[in-house]
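Novice: See input.csv below, with CSV, C-alpha atoms.
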```csv
chain,number,residue,atom,x,y,z
P,1,MET,CA,-86.9,-4.5,52.5
P,2,ASN,CA,-85.0,-1.2,52.3
P,3,GLN,CA,-86.4,1.9,50.7
P,4,GLN,CA,-84.7,2.7,47.5
P,5,LYS,CA,-83.1,6.2,47.3
P,6,THR,CA,-81.0,7.9,44.7
P,7,ILE,CA,-77.5,6.4,44.5
P,8,SER,CA,-74.8,8.9,43.9
P,9,LEU,CA,-71.7,7.7,45.8
P,10,ASN,CA,-68.5,6.8,43.9
P,11,ARG,CA,-67.1,3.5,45.2
P,12,ARG,CA,-63.4,4.6,44.8
P,13,GLU,CA,-64.0,7.8,46.8
P,14,VAL,CA,-65.9,5.9,49.5
P,15,VAL,CA,-63.2,3.3,50.0
P,16,ALA,CA,-60.4,6.0,50.0
P,17,ARG,CA,-62.3,7.9,52.7
P,18,ILE,CA,-62.8,4.8,54.8
P,19,LEU,CA,-59.1,4.0,54.6
P,20,ARG,CA,-57.8,7.5,54.9
P,21,ASP,CA,-57.2,7.4,58.7
P,22,ARG,CA,-56.8,3.7,59.1
P,23,ASN,CA,-53.6,3.7,61.0
P,24,GLU,CA,-52.8,0.1,61.9
P,25,THR,CA,-56.2,-1.4,61.2
P,26,LEU,CA,-56.1,-4.8,59.4
P,27,LEU,CA,-58.1,-4.9,56.2
P,28,VAL,CA,-59.5,-7.9,54.3
P,29,THR,CA,-60.9,-7.2,50.8
P,30,GLY,CA,-63.4,-9.3,48.8
P,31,LEU,CA,-62.8,-10.7,45.4
P,32,GLY,CA,-62.5,-8.2,42.5
P,33,SER,CA,-63.6,-4.5,42.7
P,34,THR,CA,-63.1,-3.9,46.4
P,35,THR,CA,-59.6,-5.2,46.1
P,36,TRP,CA,-59.0,-2.8,43.3
P,37,ASP,CA,-60.6,0.0,45.4
P,38,ALA,CA,-58.3,-0.7,48.3
P,39,ALA,CA,-55.2,-0.8,46.1
P,40,ALA,CA,-56.2,2.5,44.5
P,41,ALA,CA,-56.4,4.0,48.0
P,42,GLY,CA,-52.8,2.9,48.6
P,43,ASP,CA,-51.2,-0.6,49.0
P,44,HIS,CA,-50.5,-1.4,52.6
P,45,PRO,CA,-48.8,-4.3,54.3
P,46,ASN,CA,-51.9,-4.6,56.5
P,47,ASN,CA,-54.1,-5.3,53.4
P,48,PHE,CA,-55.1,-9.0,52.9
P,49,TYR,CA,-56.4,-9.2,49.3
P,50,LEU,CA,-58.5,-12.2,48.5
P,51,TRP,CA,-57.9,-13.6,45.0
P,52,GLY,CA,-60.2,-16.4,43.8
P,53,GLY,CA,-62.0,-16.7,47.1
P,54,MET,CA,-65.5,-15.4,46.4
P,55,GLY,CA,-67.7,-15.6,49.5
P,56,GLY,CA,-64.7,-15.9,51.9
P,57,ALA,CA,-64.0,-12.3,52.9
P,58,ALA,CA,-66.4,-12.1,55.9
P,59,MET,CA,-65.3,-15.4,57.4
P,60,THR,CA,-61.6,-14.6,56.8
P,61,GLY,CA,-62.3,-11.4,58.7
P,62,LEU,CA,-63.9,-13.4,61.5
P,63,GLY,CA,-60.9,-15.7,61.8
P,64,LEU,CA,-58.5,-12.8,61.8
P,65,ALA,CA,-60.6,-10.9,64.5
P,66,GLN,CA,-60.5,-14.0,66.7
P,67,ALA,CA,-56.7,-14.4,66.2
P,68,GLN,CA,-55.9,-10.7,66.7
P,69,GLU,CA,-58.3,-9.7,69.4
P,70,THR,CA,-56.5,-6.4,70.2
P,71,ARG,CA,-56.5,-5.2,66.6
P,72,ARG,CA,-59.4,-3.6,64.7
P,73,ILE,CA,-60.4,-5.7,61.6
P,74,ILE,CA,-62.4,-4.2,58.7
P,75,VAL,CA,-63.6,-6.3,55.8
P,76,ILE,CA,-64.5,-4.4,52.7
P,77,THR,CA,-66.4,-6.5,50.2
P,78,GLY,CA,-69.1,-6.3,47.5
P,79,ASP,CA,-72.8,-7.1,47.6
P,80,GLY,CA,-72.5,-10.1,45.3
P,81,GLU,CA,-69.8,-11.6,47.5
P,82,MET,CA,-71.7,-10.9,50.7
P,83,LEU,CA,-74.9,-12.4,49.3
P,84,MET,CA,-72.9,-15.6,48.4
P,85,ALA,CA,-71.8,-15.7,52.1
P,86,ALA,CA,-75.0,-14.6,53.7
P,87,GLY,CA,-74.8,-17.5,56.2
P,88,SER,CA,-71.6,-16.0,57.6
P,89,LEU,CA,-73.6,-13.2,59.1
P,90,ALA,CA,-75.2,-15.7,61.6
P,91,THR,CA,-71.8,-17.2,62.4
P,92,ILE,CA,-70.2,-13.8,62.9
P,93,ALA,CA,-73.1,-12.6,65.1
P,94,VAL,CA,-73.0,-15.7,67.3
P,95,SER,CA,-69.2,-15.4,67.6
P,96,ALA,CA,-69.6,-11.7,68.5
P,97,PRO,CA,-66.1,-10.4,67.8
P,98,GLU,CA,-66.0,-6.9,69.3
P,99,ASN,CA,-63.1,-5.9,66.9
P,100,LEU,CA,-64.8,-6.7,63.6
P,101,ALA,CA,-66.5,-4.4,61.1
P,102,ILE,CA,-67.9,-5.5,57.7
P,103,CYS,CA,-68.4,-2.9,55.1
P,104,VAL,CA,-70.2,-3.8,51.8
P,105,ILE,CA,-69.6,-1.6,48.8
P,106,ASP,CA,-73.0,-2.2,47.2
P,107,ASN,CA,-73.5,-1.3,43.5
P,108,GLN,CA,-76.3,-3.8,43.3
P,109,ARG,CA,-74.5,-5.7,40.5
P,110,TYR,CA,-72.3,-8.7,40.0
P,111,GLY,CA,-69.3,-6.8,38.7
P,112,GLU,CA,-67.1,-9.8,38.0
P,113,THR,CA,-69.6,-11.6,35.7
P,114,GLY,CA,-71.2,-9.0,33.6
P,115,MET,CA,-73.0,-6.4,35.8
P,116,GLN,CA,-76.2,-8.5,36.3
P,117,ASP,CA,-78.5,-7.2,39.1
P,118,THR,CA,-77.9,-8.7,42.6
P,119,HIS,CA,-80.8,-9.2,44.9
P,120,THR,CA,-80.0,-5.8,46.6
P,121,ALA,CA,-81.2,-4.2,43.4
P,122,HIS,CA,-84.6,-5.7,44.1
P,123,GLY,CA,-84.9,-4.7,47.7
P,124,VAL,CA,-82.9,-7.2,49.7
P,125,ASP,CA,-81.6,-5.4,52.8
P,126,LEU,CA,-78.1,-6.6,53.8
P,127,SER,CA,-78.0,-4.4,56.9
P,128,GLY,CA,-81.4,-5.7,57.9
P,129,MET,CA,-80.1,-9.3,57.5
P,130,ALA,CA,-77.1,-8.5,59.7
P,131,ALA,CA,-79.3,-6.8,62.3
P,132,SER,CA,-81.6,-9.8,62.4
P,133,ALA,CA,-78.6,-12.1,62.8
P,134,GLY,CA,-77.6,-10.1,65.9
P,135,PHE,CA,-74.9,-7.7,64.8
P,136,ASN,CA,-74.2,-5.0,67.4
P,137,ALA,CA,-74.6,-2.1,65.0
P,138,THR,CA,-75.8,-1.9,61.4
P,139,GLU,CA,-76.3,1.0,58.9
P,140,THR,CA,-77.1,1.5,55.3
P,141,VAL,CA,-75.4,4.6,53.7
P,142,TRP,CA,-76.5,6.6,50.7
P,143,THR,CA,-74.8,10.0,51.1
P,144,LYS,CA,-71.3,11.5,51.7
P,145,GLU,CA,-72.6,12.9,55.0
P,146,GLU,CA,-73.7,9.4,56.0
P,147,VAL,CA,-70.3,8.0,55.0
P,148,GLU,CA,-68.7,10.5,57.4
P,149,GLY,CA,-71.1,9.4,60.1
P,150,VAL,CA,-70.2,5.7,59.9
P,151,ILE,CA,-66.4,6.2,60.1
P,152,PRO,CA,-66.5,6.0,63.9
P,153,LEU,CA,-68.9,3.0,63.6
P,154,LEU,CA,-66.3,1.1,61.5
P,155,TYR,CA,-63.3,2.0,63.6
P,156,GLU,CA,-64.6,2.5,67.2
P,157,THR,CA,-67.9,0.9,67.9
P,158,LYS,CA,-68.0,-2.5,69.6
P,159,GLY,CA,-68.6,-5.1,67.0
P,160,PRO,CA,-69.7,-6.9,65.1
P,161,VAL,CA,-70.5,-3.9,63.0
P,162,PHE,CA,-72.1,-4.0,59.5
P,163,VAL,CA,-72.3,-1.1,57.1
P,164,ASP,CA,-73.8,-1.3,53.6
P,165,VAL,CA,-72.7,1.6,51.3
P,166,LYS,CA,-74.8,2.1,48.2
P,167,VAL,CA,-72.6,3.2,45.3
P,168,THR,CA,-73.1,3.9,41.6
P,169,THR,CA,-72.2,1.5,38.8
P,170,ASP,CA,-69.8,4.0,37.3
P,171,ARG,CA,-66.7,2.4,35.9
P,172,VAL,CA,-63.4,3.2,37.7
P,173,PRO,CA,-59.9,2.3,36.5
P,174,MET,CA,-58.7,-1.1,37.5
P,175,VAL,CA,-55.8,-0.9,40.0
P,176,LEU,CA,-54.2,-4.3,40.6
P,177,PRO,CA,-52.3,-5.0,43.8
P,178,LEU,CA,-50.0,-7.9,44.4
P,179,ARG,CA,-51.6,-11.1,43.0
P,180,ASP,CA,-49.4,-13.8,44.4
P,181,GLY,CA,-51.4,-15.4,47.3
P,182,THR,CA,-48.3,-16.8,49.0
P,183,ALA,CA,-46.6,-13.5,48.9
P,184,ILE,CA,-49.7,-11.7,50.2
P,185,ARG,CA,-50.0,-14.1,53.1
P,186,ALA,CA,-46.3,-13.9,53.9
P,187,ARG,CA,-46.2,-10.1,53.8
P,188,PHE,CA,-49.4,-9.8,55.9
P,189,ARG,CA,-48.2,-12.4,58.5
P,190,GLU,CA,-44.7,-10.8,58.8
P,191,ASN,CA,-46.2,-7.4,59.2
P,192,ILE,CA,-48.6,-8.5,62.0
P,193,LEU,CA,-46.4,-11.0,63.8
P,194,GLY,CA,-42.9,-9.7,63.0
P,195,MET,CA,-41.8,-13.0,61.7
P,196,LYS,CA,-41.1,-14.4,58.3
P,197,SER,CA,-43.1,-17.4,57.0
P,198,TYR,CA,-41.5,-19.8,54.6
```
Is it possible to give me this structure as structure tokens?
Specialist:
Amino acid sequence: MNQQKTISLNRREVVARILRDRNETLLVTGLGSTTWDAAAAGDHPNNFYLWGGMGGAAMTGLGLAQAQETRRIIVITGDGEMLMAAGSLATIAVSAPENLAICVIDNQRYGETGMQDTHTAHGVDLSGMAASAGFNATETVWTKEEVEGVIPLLYETKGPVFVDVKVTTDRVPMVLPLRDGTAIRARFRENILGMKSY
């Protein structure tokens, strides 16, 4: 179990910082708030937004990492979504994709269903779970200085990498990106492969 510290990070600022120097990194976002965070940081054709796919972000990232071995893949998802897909940590660790990083924006709440506590609010340590599964590098982040420290981990360290960023429950404005799943897939595919999908 992790030691509880004071949570002061703003989710929107954290995601904007992580994506600031992304260059051609491919991004998968989890259901809800992390999709809005990524959209607020700036829509990008390398963003693959999951709508209605709770629990699927990490495994989508794994499939993408296996299909695009020369590209860096970052999954940004929430703690509720990651808890729903806890078994994916074992699958990712065994698959050992060197180009995959998972970043959990952890407000310790189920934001999409009424802000009930998640298990991370009661000491469940997602980074510890990833480490036990066999991830190459894991970290739990509480401060702006620590956010800066994990940027190279997310972008450069041999994966799989897992970072859990503790953020406040402060409300932030909803920023909705493209919501048409077919259009998101087509744009993403065309941008990566240079070919249209019909």
Novice: Kindly give the distance, in Å, that separates atom CA of Lys166 of chain P and atom CA of Thr140 of chain P, rounded to a single decimal.
Specialist: 7.5 Å
Novice: Which of these, P:Gly181, P:Val163, P:Lys144, P:Met174, has the shortest distance to Asp37 of chain P once you count only C-alpha atoms?
Specialist: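 Of P:Gly181, P:Val163, P:Lys144, P:Met174, the one nearest Asp37 of chain P is P:Met174, counting only C-alpha atoms.
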Novice: Please indicate the distance in Å from atom CA of Ala121 of chain P to atom CA of Gln108 of chain P, rounded to one decimal place.
Specialist: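 Going from atom CA of Ala121 of chain P over to atom CA of Gln108 of chain P, I get 4.9 Å.
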Novice: Using all atoms listed in the file for the distances, tell me which of P:Val165, P:Asp106, P:Ala65, P:Met129 is nearest to Glu146 of chain P.
Specialist: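 Checking each of P:Val165, P:Asp106, P:Ala65, P:Met129 against Glu146 of chain P, counting all atoms listed in the file, the winner is P:Val165.
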Novice: Which is closer to Thr70 of chain P than all the others in P:Gly134, P:Gly55, P:Pro97, P:Gly42, using all atoms listed in the file?
Specialist: P:Pro97
Novice: Between P:Gln66, P:Asn136, P:Thr35, P:Ser95, single out the one closest to Met54 of chain P, counting only C-alpha atoms.
Specialist: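 Among the listed residues, P:Thr35 lies closest to Met54 of chain P.
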Novice: Thr169 of chain P: which residues within 10 Å, counting all atoms listed in the file, same-chain residues fewer than 3 positions away excluded, as an MDAnalysis selection string?
Specialist: chainID P and resid 7:11 106:109 111 115 166 172
Novice: Take the residues just selected and output them with C-alpha atoms as a tab-separated table (two decimals), in the frame of the given file.
Specialist:
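Dumped to again19.tsv:
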```tsv
chain	number	residue	atom	x	y	z
P	7	ILE	CA	-77.50	6.40	44.50
P	8	SER	CA	-74.80	8.90	43.90
P	9	LEU	CA	-71.70	7.70	45.80
P	10	ASN	CA	-68.50	6.80	43.90
P	11	ARG	CA	-67.10	3.50	45.20
P	106	ASP	CA	-73.00	-2.20	47.20
P	107	ASN	CA	-73.50	-1.30	43.50
P	108	GLN	CA	-76.30	-3.80	43.30
P	109	ARG	CA	-74.50	-5.70	40.50
P	111	GLY	CA	-69.30	-6.80	38.70
P	115	MET	CA	-73.00	-6.40	35.80
P	166	LYS	CA	-74.80	2.10	48.20
P	172	VAL	CA	-63.40	3.20	37.70
```
Novice: Taking only C-alpha atoms into account, name the residue in P:Met59, P:Leu126, P:Val167, P:Ala67 that is nearest to Ile92 of chain P.
Specialist: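 Checking each candidate against Ile92 of chain P, we get P:Met59 as the closest.
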Novice: Please check which residues have atoms at most 8 Å from (-51.0, -5.7, 54.3) in the file's coordinates, counting all atoms listed in the file, and write them as a short mmCIF file (atom, residue, chain, number, x, y, z; two decimals) with C-alpha atoms, in the coordinates of the input.
Specialist:
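Output file selection.cif follows:
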```
data_model
loop_
_atom_site.label_atom_id
_atom_site.label_comp_id
_atom_site.auth_asym_id
_atom_site.auth_seq_id
_atom_site.Cartn_x
_atom_site.Cartn_y
_atom_site.Cartn_z
CA LEU P 26 -56.10 -4.80 59.40
CA LEU P 27 -58.10 -4.90 56.20
CA ASP P 43 -51.20 -0.60 49.00
CA HIS P 44 -50.50 -1.40 52.60
CA PRO P 45 -48.80 -4.30 54.30
CA ASN P 46 -51.90 -4.60 56.50
CA ASN P 47 -54.10 -5.30 53.40
CA PHE P 48 -55.10 -9.00 52.90
CA ILE P 184 -49.70 -11.70 50.20
CA ARG P 187 -46.20 -10.10 53.80
CA PHE P 188 -49.40 -9.80 55.90
CA ASN P 191 -46.20 -7.40 59.20
#
```
Novice: Nearest residue to Arg22 of chain P out of P:Glu112, P:Pro160, P:Asp79, P:Arg72, using all atoms listed in the file?
Specialist: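 Closest candidate: P:Arg72.
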Novice: Just give me the gap between atom CA of Leu100 of chain P and atom CA of Ile73 of chain P in Å, one decimal is fine.
Specialist: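 Result for atom CA of Leu100 of chain P versus atom CA of Ile73 of chain P: 4.9 Å, one decimal.
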Novice: Fewer than 3 positions away in the same chain doesn't count, so skip those; otherwise give me all residues within 9 Å of Tyr49 of chain P, counting all atoms listed in the file, as a PyMOL selection string.
Specialist: chain P and resi 27-31+35+38+57+177-179+181+184-185
Novice: Pull C-alpha atoms from the residues just selected and write them as a PDB file, keeping the file's coordinate frame.
Specialist:
```
ATOM      1  CA  LEU P  27     -58.100  -4.900  56.200  1.00  0.00           C
ATOM      2  CA  VAL P  28     -59.500  -7.900  54.300  1.00  0.00           C
ATOM      3  CA  THR P  29     -60.900  -7.200  50.800  1.00  0.00           C
ATOM      4  CA  GLY P  30     -63.400  -9.300  48.800  1.00  0.00           C
ATOM      5  CA  LEU P  31     -62.800 -10.700  45.400  1.00  0.00           C
ATOM      6  CA  THR P  35     -59.600  -5.200  46.100  1.00  0.00           C
ATOM      7  CA  ALA P  38     -58.300  -0.700  48.300  1.00  0.00           C
ATOM      8  CA  ALA P  57     -64.000 -12.300  52.900  1.00  0.00           C
ATOM      9  CA  PRO P 177     -52.300  -5.000  43.800  1.00  0.00           C
ATOM     10  CA  LEU P 178     -50.000  -7.900  44.400  1.00  0.00           C
ATOM     11  CA  ARG P 179     -51.600 -11.100  43.000  1.00  0.00           C
ATOM     12  CA  GLY P 181     -51.400 -15.400  47.300  1.00  0.00           C
ATOM     13  CA  ILE P 184     -49.700 -11.700  50.200  1.00  0.00           C
ATOM     14  CA  ARG P 185     -50.000 -14.100  53.100  1.00  0.00           C
TER      15      ARG P 185
END
```
